[in-house]
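Report on the structure given below.
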Amino acid sequence: MQIPYSQSMAYSFTDTPINKIYDVVIVGAGPVGLATAIGLRKRGIDNILVIDQTRAFRQVGQIVDLLPNGLKALKYIDHNAYEAVKTASLTFVNSQPSDDEKNTEAIEPKPPKASPEWVSKNLQGQIVRSVSLSFDVWFKKYGEGRVSISWYDLQTTLRRLLPEDQVKPNHRCVNVVDEQEFGCVRLDCVSDASVEANPYAYWADGQKNSDTQFQNLESTSQSEITTSFRAKLVVAADGINSTVRRILCSNSSKQTFANPEYSGFAAIYCRDLPDIPNELRSHLEEKFFAGSPIVTVTNYELSSASAFSECPRMLLINRQSIGYLVHVPVPLHSVLGKSGSDLLDLALQELEKAGFPDALKELVRLSPPENMLQRPYYIHRAAISENMSLAWSTPRVVLVGDAAHGMPPFMAQGANQGFEDAMVVTTLINHIAKENHWDNKHAIASAFEKYESLRRPFMEYIQEATLKQFPQSSNQAWLEYNQKVYTRNFDQIIEQLCV
Ligand SMILES: Cc1cc2nc3c(=O)[nH]c(=O)nc-3n(C[C@H](O)[C@H](O)[C@H](O)COP(=O)(O)OP(=O)(O)OC[C@H]3O[C@@H](n4cnc5c(N)ncnc54)[C@H](O)[C@@H]3O)c2cc1C
């Protein structure tokens with residue numbers, strides 16, 4: 001396939017001479033890009049660079065749960081990275097960082113606290129399922145544990161395992177050019193561009209309204225353009241709103257895959273409810289929290305699978321203060337650009353329709369409208385029609401993580417699946433390096449095809465579980481899903497890649 005890279009050279013880039021060609025440039029210093037870089041260095045490939053659009057690394061993002069499959073993949077990528085993440089994460093099992101901690105780069109390991117549980121309850125407050133948050137409990141069951149860590153701490157921990165000069169912030173990739181004559185790809189970057197809203201980004205916070213949402217994401221002016229990098233291979237780990245993906249898909253039959261699609265679900269949430277009357281607080285404690293820091297409430301009595309997947313789910317969070325998040329199946333226009341009061345009304349309406357108890361609706365009514373946030377969830381669907389050719393790579397560029405298959409976080413699999421991608425891609429690039437196949441287009445293409453044919457079917461399964469919530473429908477389905485996702489033999493997967 002001819003690479004449909006950006007043809008128009010609208011910008012006159014400060015072109016660098018062809019005296020430096022990296023083996024691999026990774027676009028995006030999120031968890032998946034950094035894990036890929038660590039994995040490559042571990043395997044002796046150190047002529048690499050990671051670039052990120054952020055002007056400076058700073059405290060952004062939500063808490064991410066790393067589950068046995070993601071941790072197994074990370075351990076395979078690099079044992080040190082696995083240990084470092086485990087150490088940095090234990091503090092997040094049941095404690096949030098203070099504002100002072102948030103503003104500092106230091107991540108001091110702290111001893112784990114007693115293990116609480118994440119409890120799922122029906123509308124009557126009865127326990128349907130409870131999941132331990134303890135690393136050890138998961139380890140015993142699945143041969144690997146589970147940790148929670150903030151996106152920023154995950155990024156910082158992984159970033160510190162790489163030499164500082166190999167991770168360059170303030171370089172937003174805006175152009176990808178196939179330079180066949182030099183056997184490489186050129187990435188053009190801008191720096192110090194004005195800060196841009198990114199409606200899809202999962203490392204950004206939710207939106208209060210849409211006024212700043214759909215700005216021109218690629219707008220750039222000549223003066224901002226700074227650097228070009230060249231690489232034999234490019235790993236695009238630039239998240240769900242991937243620029244590289246958009247460029248690869250533009251002007252081709254894959255145009256429809258360029259941008260993420262609205263998944264049909266959004267979150268409406270309020271992190272902090274300052275004034276909860278004592279009576280309501282006691283009721284919530286007794287009936288719903290009962291000592292758990294996090295409880296999911298939904299209507300488990302719905303008989304059909306489609307009604308169940310369309311039913312709102314409410315996450316009640318009891319950490320330093322009480323907050324909640326409601327996942328609702330609503331059209332995009334009903335959340336975008338809406339005021340705090342509109343969001344409140346929408347959440348209440350959805351909870352009312354699904355028969356949620358008065359106490360939970362009362363809690364929502366107490367939310368200060370100015371504290372209300374919304375986050376639509378987007379997806380790059382892994383399922384494609386049969387006659388569609390493979391789409392996660394072009395000859396020298398491969399998409400990983402959210403750039404390939406971003407999805408809503410309902411099964412907590414985004415970063416975990418991204419680590420699986422990183423494990424597979426580093427193994428395959430290692431093979432290319434060992435055979436010195438950097439200029440063998442056929443070998444590179446077949447490596448990336450292997451990656452996609454291994455990973456895409458599994459991603460289809462994970463995305464279906466995420467959108468339809470079928471693992472939640474019965475204990476049997478839950479057990480089957482857990483077995484299928486967490487207990488795979490990663491040695492076998494790697495062996496398969498090396499034949
Ligand atoms: C509320 C919420 C909860 C979640 N919970 C979980 C969970 O429990 N478990 C889990 O596994 N996943 C979870 N996820 C999903 C998880 O956060 C993502 O799947 C994961 O961060 C994807 O990693 P990534 O490295 O592929 O992309 P990202 O984390 O999005 O990182 C992309 C990086 O690329 C950079 N970038 C973007 N564009 C460019 C460009 N043009 N040039 C250079 N750099 C660029 C960005 O600055 C960023 O640093 C959750 C997501 C949300 C929103």
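Chain lettering (A, B, ...) mirrors the order of the structure tokens, residue numbering begins at 1 for each chain separately, and ligand numbering begins at 1 in order of display.
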
Would you list the contacts of A:Gly418 as a ChimeraX atom specification, taking every protein, DNA or RNA residue within 6 Å and counting only C-alpha atoms, but skipping same-chain residues closer than 3 positions in sequence? /A:32,401,415,421

DSSP on the backbone: what in stretch 332-461 of chain A comes out helix (DSSP H, G or I), as a ChimeraX atom specification? /A:332-334,340-353,358-365,369-371,402-405,414-434,441-461

Take the residues from that selection and write them out as a PDB file, in the first residue's frame, keeping C-alpha atoms.
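To be explicit, this is the file written out as selection_5.pdb:
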ATOM      1  CA  LEU A 332     -23.476  13.429  22.232  1.00  0.00           C
ATOM      2  CA  HIS A 333     -25.394  16.669  21.800  1.00  0.00           C
ATOM      3  CA  SER A 334     -27.129  16.202  25.129  1.00  0.00           C
ATOM      4  CA  GLY A 340     -23.938  22.483  35.046  1.00  0.00           C
ATOM      5  CA  SER A 341     -27.689  22.673  35.671  1.00  0.00           C
ATOM      6  CA  ASP A 342     -28.455  20.985  32.348  1.00  0.00           C
ATOM      7  CA  LEU A 343     -26.047  18.168  33.211  1.00  0.00           C
ATOM      8  CA  LEU A 344     -27.633  17.809  36.628  1.00  0.00           C
ATOM      9  CA  ASP A 345     -31.098  17.574  35.072  1.00  0.00           C
ATOM     10  CA  LEU A 346     -29.909  15.014  32.535  1.00  0.00           C
ATOM     11  CA  ALA A 347     -28.290  12.821  35.197  1.00  0.00           C
ATOM     12  CA  LEU A 348     -31.446  12.973  37.316  1.00  0.00           C
ATOM     13  CA  GLN A 349     -33.676  12.187  34.364  1.00  0.00           C
ATOM     14  CA  GLU A 350     -31.601   9.110  33.466  1.00  0.00           C
ATOM     15  CA  LEU A 351     -31.526   7.875  37.074  1.00  0.00           C
ATOM     16  CA  GLU A 352     -35.286   8.448  37.366  1.00  0.00           C
ATOM     17  CA  LYS A 353     -35.960   6.457  34.170  1.00  0.00           C
ATOM     18  CA  ASP A 358     -34.479   8.527  46.119  1.00  0.00           C
ATOM     19  CA  ALA A 359     -31.316   8.758  48.250  1.00  0.00           C
ATOM     20  CA  LEU A 360     -29.069   8.613  45.188  1.00  0.00           C
ATOM     21  CA  LYS A 361     -31.180  11.141  43.282  1.00  0.00           C
ATOM     22  CA  GLU A 362     -31.095  13.345  46.373  1.00  0.00           C
ATOM     23  CA  LEU A 363     -27.306  13.161  46.353  1.00  0.00           C
ATOM     24  CA  VAL A 364     -27.229  14.312  42.723  1.00  0.00           C
ATOM     25  CA  ARG A 365     -29.638  17.163  43.479  1.00  0.00           C
ATOM     26  CA  PRO A 369     -23.923  23.159  39.254  1.00  0.00           C
ATOM     27  CA  GLU A 370     -20.501  24.819  39.013  1.00  0.00           C
ATOM     28  CA  ASN A 371     -18.869  21.515  40.079  1.00  0.00           C
ATOM     29  CA  ASP A 402      -5.465   4.347  22.326  1.00  0.00           C
ATOM     30  CA  ALA A 403      -4.302   5.552  18.903  1.00  0.00           C
ATOM     31  CA  ALA A 404      -5.162   2.070  17.608  1.00  0.00           C
ATOM     32  CA  HIS A 405      -8.158   1.087  19.741  1.00  0.00           C
ATOM     33  CA  GLY A 414      -7.329   0.904  27.903  1.00  0.00           C
ATOM     34  CA  ALA A 415      -3.826   1.142  29.368  1.00  0.00           C
ATOM     35  CA  ASN A 416      -3.711  -2.604  30.071  1.00  0.00           C
ATOM     36  CA  GLN A 417      -4.367  -3.424  26.427  1.00  0.00           C
ATOM     37  CA  GLY A 418      -1.896  -0.721  25.438  1.00  0.00           C
ATOM     38  CA  PHE A 419       0.814  -2.485  27.472  1.00  0.00           C
ATOM     39  CA  GLU A 420      -0.029  -5.690  25.617  1.00  0.00           C
ATOM     40  CA  ASP A 421       0.493  -3.811  22.326  1.00  0.00           C
ATOM     41  CA  ALA A 422       3.812  -2.467  23.602  1.00  0.00           C
ATOM     42  CA  MET A 423       4.921  -5.977  24.554  1.00  0.00           C
ATOM     43  CA  VAL A 424       4.098  -7.329  21.097  1.00  0.00           C
ATOM     44  CA  VAL A 425       5.531  -4.390  19.164  1.00  0.00           C
ATOM     45  CA  THR A 426       8.822  -4.315  21.094  1.00  0.00           C
ATOM     46  CA  THR A 427       9.229  -8.063  20.513  1.00  0.00           C
ATOM     47  CA  LEU A 428       8.650  -7.649  16.778  1.00  0.00           C
ATOM     48  CA  ILE A 429      10.920  -4.614  16.437  1.00  0.00           C
ATOM     49  CA  ASN A 430      13.596  -6.490  18.360  1.00  0.00           C
ATOM     50  CA  HIS A 431      13.347  -9.236  15.757  1.00  0.00           C
ATOM     51  CA  ILE A 432      13.680  -6.669  12.952  1.00  0.00           C
ATOM     52  CA  ALA A 433      16.777  -5.237  14.673  1.00  0.00           C
ATOM     53  CA  LYS A 434      18.371  -8.626  15.233  1.00  0.00           C
ATOM     54  CA  LYS A 441      10.027  -3.324   3.804  1.00  0.00           C
ATOM     55  CA  HIS A 442       8.576  -6.781   3.377  1.00  0.00           C
ATOM     56  CA  ALA A 443       9.887  -7.968   6.771  1.00  0.00           C
ATOM     57  CA  ILE A 444       8.621  -4.804   8.475  1.00  0.00           C
ATOM     58  CA  ALA A 445       5.182  -5.090   6.876  1.00  0.00           C
ATOM     59  CA  SER A 446       4.869  -8.734   7.847  1.00  0.00           C
ATOM     60  CA  ALA A 447       5.893  -7.946  11.449  1.00  0.00           C
ATOM     61  CA  PHE A 448       3.183  -5.301  11.722  1.00  0.00           C
ATOM     62  CA  GLU A 449       0.639  -7.629  10.132  1.00  0.00           C
ATOM     63  CA  LYS A 450       1.461 -10.217  12.789  1.00  0.00           C
ATOM     64  CA  TYR A 451       0.918  -7.575  15.458  1.00  0.00           C
ATOM     65  CA  GLU A 452      -2.452  -6.618  14.087  1.00  0.00           C
ATOM     66  CA  SER A 453      -3.724 -10.106  13.419  1.00  0.00           C
ATOM     67  CA  LEU A 454      -2.810 -11.117  16.962  1.00  0.00           C
ATOM     68  CA  ARG A 455      -4.145  -8.040  18.719  1.00  0.00           C
ATOM     69  CA  ARG A 456      -7.207  -6.991  16.706  1.00  0.00           C
ATOM     70  CA  PRO A 457      -9.459 -10.010  17.446  1.00  0.00           C
ATOM     71  CA  PHE A 458      -8.716  -9.727  21.151  1.00  0.00           C
ATOM     72  CA  MET A 459      -9.465  -6.003  21.066  1.00  0.00           C
ATOM     73  CA  GLU A 460     -12.794  -6.762  19.379  1.00  0.00           C
ATOM     74  CA  TYR A 461     -13.651  -8.981  22.329  1.00  0.00           C
TER      75      TYR A 461
END

Residues within 6 Å of ligand 1, counting only C-alpha atoms and all ligand atoms: report them as a ChimeraX atom specification. /A:27-33,51-54,62,64-66,171-174,201-203,237-240,242-243,401-403,409,412-416,418

Go ahead and write the selection's residues with N, CA and C atoms as a compact mmCIF listing (two decimals), in the first residue's frame.
# COMPACT_ATOMS: atom_id res chain seq x y z
N VAL A 27 5.85 8.54 18.98
CA VAL A 27 5.09 9.78 19.12
C VAL A 27 4.12 9.58 20.28
N GLY A 28 4.33 10.34 21.37
CA GLY A 28 3.45 10.24 22.53
C GLY A 28 4.15 9.62 23.72
N ALA A 29 4.31 10.44 24.78
CA ALA A 29 4.93 9.93 26.02
C ALA A 29 3.85 9.62 27.05
N GLY A 30 2.80 8.95 26.61
CA GLY A 30 1.81 8.42 27.54
C GLY A 30 2.33 7.07 28.02
N PRO A 31 1.54 6.33 28.80
CA PRO A 31 2.02 5.06 29.33
C PRO A 31 2.46 4.08 28.24
N VAL A 32 1.76 4.06 27.13
CA VAL A 32 2.06 3.05 26.11
C VAL A 32 3.32 3.41 25.32
N GLY A 33 3.46 4.69 24.98
CA GLY A 33 4.67 5.12 24.27
C GLY A 33 5.91 4.91 25.12
N ILE A 51 8.73 11.66 21.56
CA ILE A 51 8.33 13.08 21.54
C ILE A 51 6.91 13.21 22.08
N ASP A 52 6.64 14.32 22.75
CA ASP A 52 5.29 14.55 23.26
C ASP A 52 4.89 16.00 23.05
N GLN A 53 3.61 16.19 22.81
CA GLN A 53 3.12 17.54 22.54
C GLN A 53 3.03 18.42 23.78
N THR A 54 3.00 17.81 24.97
CA THR A 54 2.80 18.63 26.16
C THR A 54 3.97 19.61 26.32
N GLN A 62 -6.49 10.85 35.15
CA GLN A 62 -7.33 10.21 36.15
C GLN A 62 -6.57 9.03 36.76
N VAL A 64 -5.83 5.17 37.08
CA VAL A 64 -5.89 4.04 36.15
C VAL A 64 -5.65 2.77 36.95
N ASP A 65 -6.49 1.77 36.72
CA ASP A 65 -6.26 0.47 37.37
C ASP A 65 -5.44 -0.40 36.42
N LEU A 66 -4.36 -0.94 36.92
CA LEU A 66 -3.58 -1.87 36.11
C LEU A 66 -3.88 -3.28 36.60
N HIS A 171 7.08 18.94 21.70
CA HIS A 171 7.22 18.61 20.28
C HIS A 171 5.94 17.94 19.83
N ARG A 172 5.04 18.73 19.26
CA ARG A 172 3.78 18.16 18.78
C ARG A 172 3.94 17.78 17.32
N CYS A 173 3.74 16.50 17.05
CA CYS A 173 3.86 16.02 15.68
C CYS A 173 2.66 16.53 14.88
N VAL A 174 2.92 17.19 13.76
CA VAL A 174 1.82 17.69 12.94
C VAL A 174 1.87 17.16 11.51
N ALA A 201 -9.11 13.70 24.57
CA ALA A 201 -7.96 13.21 25.31
C ALA A 201 -8.33 12.65 26.66
N TYR A 202 -7.79 11.48 26.97
CA TYR A 202 -8.08 10.87 28.25
C TYR A 202 -7.13 11.32 29.32
N TRP A 203 -6.07 12.02 28.92
CA TRP A 203 -5.17 12.55 29.93
C TRP A 203 -5.63 13.93 30.38
N ALA A 237 1.96 6.44 19.43
CA ALA A 237 1.28 6.20 20.72
C ALA A 237 0.70 7.53 21.18
N ASP A 238 0.09 8.25 20.23
CA ASP A 238 -0.36 9.61 20.57
C ASP A 238 -1.83 9.68 20.97
N GLY A 239 -2.34 8.58 21.52
CA GLY A 239 -3.63 8.63 22.20
C GLY A 239 -4.83 8.60 21.27
N ILE A 240 -6.01 8.71 21.87
CA ILE A 240 -7.24 8.49 21.09
C ILE A 240 -7.43 9.54 20.00
N SER A 242 -5.31 10.68 17.96
CA SER A 242 -3.99 10.56 17.32
C SER A 242 -3.87 11.37 16.03
N THR A 243 -2.87 12.22 16.01
CA THR A 243 -2.58 12.99 14.78
C THR A 243 -2.02 12.05 13.72
N GLY A 401 -1.83 1.31 21.42
CA GLY A 401 -2.59 1.91 22.52
C GLY A 401 -3.87 2.57 22.04
N ASP A 402 -4.21 3.68 22.67
CA ASP A 402 -5.46 4.35 22.33
C ASP A 402 -5.48 4.83 20.88
N ALA A 403 -4.34 5.11 20.30
CA ALA A 403 -4.30 5.55 18.90
C ALA A 403 -4.85 4.44 18.00
N PRO A 409 -13.70 3.54 29.51
CA PRO A 409 -12.92 2.81 30.53
C PRO A 409 -13.73 1.84 31.38
N ALA A 412 -11.86 -1.04 32.47
CA ALA A 412 -10.50 -0.67 32.90
C ALA A 412 -9.43 -1.37 32.07
N GLN A 413 -9.59 -1.34 30.75
CA GLN A 413 -8.64 -2.09 29.92
C GLN A 413 -7.80 -1.24 28.97
N GLY A 414 -8.04 0.08 28.90
CA GLY A 414 -7.33 0.90 27.90
C GLY A 414 -5.82 0.81 28.03
N ALA A 415 -5.28 1.18 29.18
CA ALA A 415 -3.83 1.14 29.37
C ALA A 415 -3.33 -0.30 29.41
N ASN A 416 -4.13 -1.19 29.99
CA ASN A 416 -3.71 -2.60 30.07
C ASN A 416 -3.53 -3.20 28.67
N GLY A 418 -3.01 -1.45 26.04
CA GLY A 418 -1.90 -0.72 25.44
C GLY A 418 -0.56 -1.35 25.82

Students should find that atom CA of A:Asn47 and atom CA of A:Asp23 are spaced 5.5 Å

Nearest residue to A:Ser304 out of A:Phe470, A:Leu233, A:Ala354, A:His380, using only C-alpha atoms? A:Phe470

Å distance separating atom CA of A:Asn259 from atom CA of A:Ile462, one decimal place: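 Computing the Euclidean distance for atom CA of A:Asn259 and atom CA of A:Ile462 yields 20.0 Å.
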
Taking only stretch 189-393 of chain A into account, list the residues labelled strand (DSSP E or B) by DSSP (computed from the backbone), as a PyMOL selection string. chain A and resi 189-190+207+225-236+261-270+294-297+313-318+322-328+372-379+393

A:Thr157 surroundings by only C-alpha atoms, 12 Å radius, close-in-sequence under 4 positions cut, as a PyMOL selection string: chain A and resi 29-31+34-35+38+57+80-89+105-109+149-153+161-162

Pick out the closest residue to A:Glu285 from this set: A:Ile322, A:Ile268, A:Met314, A:Leu248. Count only C-alpha atoms.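 Nearest candidate to A:Glu285 out of A:Ile322, A:Ile268, A:Met314, A:Leu248: A:Ile322.
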
Determine the nearest neighbour of A:Thr227 from the options A:Asn170, A:Ser367, A:Gln496, A:Ser282, counting only C-alpha atoms. A:Asn170

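Comparing A:Gln180, A:Ser148, A:Ser473, A:Ser309 by their smallest distance to A:Gly70, the closest is A:Ser148 (using only C-alpha atoms).
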